[in-house]
Structure formats: C-alpha cells, structure tokens
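**Student:** Structure in structure tokens, see below.
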Amino acid sequence: MNARVAERADDIKAVVCRVLEVDADEVGPADHFVEALGADSMKLIELLANLEIEFDVEVDPAEFERLVSLDGVYAVLSEALEK
C-alpha cells in the first residue's frame with residue numbers, strides 16, 4: 001500500500017461503506033463485498049466511480065475484478081496512484 005493510500009485508509013473505507021450502504025464495523029480488510037456484504041455489480045461500478053473521483057485517478061477497467069475487498073481496493077488505488 002502506498003503512503004497516500006495508507007494515510008487515507010479510513011477515508012477509503014468510509015467511501016466503501018457509504019456506497020455499499022453498510023456500517024464500518026461490518027467491513028474487514030478481506031471481507032468480500034459481494035459474498036459477505038451482498039453488493040451487486042452496479043454497486044461495484046458506483047464504488048469505482050467514487051474512488052476515481054475522490055482520488056483523482058483513473059483505474060484500469062481490467063482491475064475491476066480486484067475491487068471486491070478493502071485489501072483489493074487499497075492495492076488497486078496504490079497502483080493507480082503510482083502511475
């Protein structure tokens with residue numbers, strides 16, 4: 001995880017919780033957004049859009065499948081910010 005993502009980990013989690021409409025205590029680093037939290041593909045697309053806006057980055061669409069847990073979100077954002 002890069003430093004910018006580490007510094008804003010709580011903000012990232014807040015975006016995830018807001019978009020997925022869950023409480024922060026329901027989301028652990030490895031919890032699968034679809035299997036554990038009931039998110040659908042539209043929620044994941046909305047999450048991607050929100051993260052791109054919040055961090056002013058463009059995430060490669062090929063990375064979409066990795067945006068299914070907080071750990072995955074942190075990794076994808078870290079990579080996007082390093083480009």
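Scheme for the structure tokens: letters A, B, ... for chains in order shown; per-chain residue numbers from 1; ligand numbers from 1 in order shown.
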Tell me which protein, DNA and RNA residues are within 10 Å of A:Ala39, counting only C-alpha atoms, leaving out same-chain ones fewer than 6 positions away, and put them as JSON, numbers by chain.

**Tutor:** {"A": [19, 20, 21, 22, 32, 33, 68]}

**Student:** Within 12 Å of A:Gly72, counting only C-alpha atoms, which residues qualify if same-chain residues fewer than 2 places away don't, as a list in words?

**Tutor:**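 The residues satisfying every condition are Met1, Val5, Ile12, Lys13, Val16, Gly28, Pro29, Ala30, Asp31, His32, Phe33, Leu48, Glu63, Phe64, Glu65, Arg66, Leu67, Val68, Ser69, Leu70, Tyr74, Ala75, Val76, Leu77, Ser78 and Glu79 of chain A.
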
**Student:** As a compact mmCIF listing (two decimals) with N, CA and C atoms, in the first residue's frame, list the residues of stretch 3-78 of chain A assigned to helix (DSSP H, G or I) by DSSP on the backbone atoms of this structure.

**Tutor:**
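The result, stored in selection.txt:
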# COMPACT_ATOMS: atom_id res chain seq x y z
N ALA A 3 1.95 5.28 0.46
CA ALA A 3 1.78 6.17 1.61
C ALA A 3 0.48 6.96 1.55
N ARG A 4 0.13 7.43 0.36
CA ARG A 4 -1.10 8.24 0.23
C ARG A 4 -2.34 7.40 0.57
N VAL A 5 -2.34 6.16 0.11
CA VAL A 5 -3.46 5.27 0.41
C VAL A 5 -3.47 4.93 1.90
N ALA A 6 -2.30 4.67 2.47
CA ALA A 6 -2.22 4.36 3.89
C ALA A 6 -2.74 5.52 4.74
N GLU A 7 -2.38 6.74 4.36
CA GLU A 7 -2.83 7.92 5.10
C GLU A 7 -4.34 8.09 5.03
N ALA A 9 -6.61 5.59 4.45
CA ALA A 9 -7.30 4.29 4.56
C ALA A 9 -8.69 4.44 5.18
N ASP A 10 -8.81 5.27 6.20
CA ASP A 10 -10.12 5.46 6.83
C ASP A 10 -11.10 6.14 5.88
N ASP A 11 -10.60 7.10 5.09
CA ASP A 11 -11.46 7.77 4.10
C ASP A 11 -11.92 6.78 3.03
N ILE A 12 -11.00 5.93 2.61
CA ILE A 12 -11.34 4.91 1.60
C ILE A 12 -12.42 3.99 2.14
N LYS A 13 -12.23 3.55 3.37
CA LYS A 13 -13.23 2.67 3.98
C LYS A 13 -14.58 3.38 4.10
N ALA A 14 -14.55 4.67 4.40
CA ALA A 14 -15.80 5.43 4.51
C ALA A 14 -16.52 5.49 3.17
N VAL A 15 -15.77 5.67 2.08
CA VAL A 15 -16.38 5.68 0.74
C VAL A 15 -16.99 4.31 0.45
N VAL A 16 -16.25 3.26 0.74
CA VAL A 16 -16.76 1.90 0.53
C VAL A 16 -18.06 1.69 1.31
N CYS A 17 -18.06 2.07 2.57
CA CYS A 17 -19.25 1.88 3.41
C CYS A 17 -20.44 2.70 2.91
N ARG A 18 -20.16 3.93 2.50
CA ARG A 18 -21.24 4.79 2.00
C ARG A 18 -21.86 4.19 0.73
N VAL A 19 -21.02 3.78 -0.20
CA VAL A 19 -21.52 3.25 -1.47
C VAL A 19 -22.23 1.91 -1.27
N LEU A 20 -21.66 1.05 -0.44
CA LEU A 20 -22.26 -0.27 -0.22
C LEU A 20 -23.38 -0.25 0.82
N ALA A 24 -19.28 0.69 9.12
CA ALA A 24 -17.83 0.46 9.08
C ALA A 24 -17.43 -0.81 9.82
N ASP A 25 -18.13 -1.13 10.90
CA ASP A 25 -17.76 -2.33 11.67
C ASP A 25 -18.15 -3.63 10.95
N GLU A 26 -18.87 -3.53 9.85
CA GLU A 26 -19.25 -4.70 9.07
C GLU A 26 -18.21 -5.05 8.00
N SER A 41 -23.08 -5.87 -8.95
CA SER A 41 -22.14 -5.26 -9.90
C SER A 41 -22.35 -3.76 -10.05
N MET A 42 -23.57 -3.30 -9.93
CA MET A 42 -23.84 -1.86 -10.04
C MET A 42 -23.21 -1.11 -8.87
N LYS A 43 -23.27 -1.69 -7.69
CA LYS A 43 -22.63 -1.06 -6.52
C LYS A 43 -21.12 -1.01 -6.70
N LEU A 44 -20.54 -2.04 -7.29
CA LEU A 44 -19.09 -2.06 -7.51
C LEU A 44 -18.69 -1.02 -8.55
N ILE A 45 -19.50 -0.83 -9.56
CA ILE A 45 -19.23 0.20 -10.56
C ILE A 45 -19.33 1.58 -9.91
N GLU A 46 -20.34 1.77 -9.08
CA GLU A 46 -20.50 3.03 -8.36
C GLU A 46 -19.30 3.27 -7.44
N LEU A 47 -18.83 2.22 -6.79
CA LEU A 47 -17.66 2.33 -5.93
C LEU A 47 -16.44 2.77 -6.73
N LEU A 48 -16.23 2.15 -7.87
CA LEU A 48 -15.11 2.51 -8.72
C LEU A 48 -15.18 3.99 -9.11
N ALA A 49 -16.35 4.44 -9.53
CA ALA A 49 -16.52 5.84 -9.92
C ALA A 49 -16.22 6.78 -8.75
N ASN A 50 -16.71 6.45 -7.58
CA ASN A 50 -16.48 7.28 -6.41
C ASN A 50 -15.00 7.34 -6.05
N LEU A 51 -14.31 6.22 -6.13
CA LEU A 51 -12.89 6.18 -5.80
C LEU A 51 -12.08 6.99 -6.82
N GLU A 52 -12.45 6.88 -8.09
CA GLU A 52 -11.74 7.65 -9.12
C GLU A 52 -11.90 9.15 -8.89
N ILE A 53 -13.08 9.57 -8.52
CA ILE A 53 -13.33 10.98 -8.26
C ILE A 53 -12.60 11.43 -7.00
N GLU A 54 -12.73 10.66 -5.94
CA GLU A 54 -12.13 11.01 -4.65
C GLU A 54 -10.61 11.14 -4.73
N PHE A 55 -9.98 10.26 -5.51
CA PHE A 55 -8.51 10.23 -5.56
C PHE A 55 -7.95 10.79 -6.86
N PRO A 61 -9.91 -0.57 -16.27
CA PRO A 61 -11.08 -1.44 -16.15
C PRO A 61 -10.73 -2.91 -15.88
N ALA A 62 -9.55 -3.33 -16.28
CA ALA A 62 -9.13 -4.71 -16.02
C ALA A 62 -8.96 -4.98 -14.52
N GLU A 63 -8.81 -3.92 -13.75
CA GLU A 63 -8.64 -4.06 -12.30
C GLU A 63 -9.97 -4.18 -11.56
N PHE A 64 -11.06 -4.01 -12.28
CA PHE A 64 -12.39 -4.03 -11.66
C PHE A 64 -12.62 -5.26 -10.80
N GLU A 65 -12.18 -6.41 -11.29
CA GLU A 65 -12.43 -7.67 -10.57
C GLU A 65 -11.69 -7.73 -9.23
N ARG A 66 -10.69 -6.88 -9.02
CA ARG A 66 -9.96 -6.85 -7.75
C ARG A 66 -10.63 -5.96 -6.71
N LEU A 70 -11.62 -4.56 0.83
CA LEU A 70 -10.82 -3.39 1.17
C LEU A 70 -9.37 -3.58 0.77
N ASP A 71 -8.83 -4.77 1.01
CA ASP A 71 -7.45 -5.04 0.62
C ASP A 71 -7.27 -4.84 -0.88
N GLY A 72 -8.22 -5.31 -1.66
CA GLY A 72 -8.16 -5.14 -3.11
C GLY A 72 -8.26 -3.68 -3.52
N VAL A 73 -9.14 -2.94 -2.87
CA VAL A 73 -9.28 -1.51 -3.16
C VAL A 73 -7.98 -0.78 -2.85
N TYR A 74 -7.39 -1.08 -1.69
CA TYR A 74 -6.12 -0.44 -1.32
C TYR A 74 -5.04 -0.74 -2.36
N ALA A 75 -4.97 -1.98 -2.81
CA ALA A 75 -3.95 -2.38 -3.78
C ALA A 75 -4.16 -1.68 -5.12
N VAL A 76 -5.39 -1.66 -5.60
CA VAL A 76 -5.69 -1.04 -6.90
C VAL A 76 -5.41 0.45 -6.85
N LEU A 77 -5.84 1.11 -5.77
CA LEU A 77 -5.58 2.54 -5.66
C LEU A 77 -4.10 2.84 -5.56
N SER A 78 -3.38 2.02 -4.82
CA SER A 78 -1.92 2.21 -4.70
C SER A 78 -1.26 2.16 -6.07
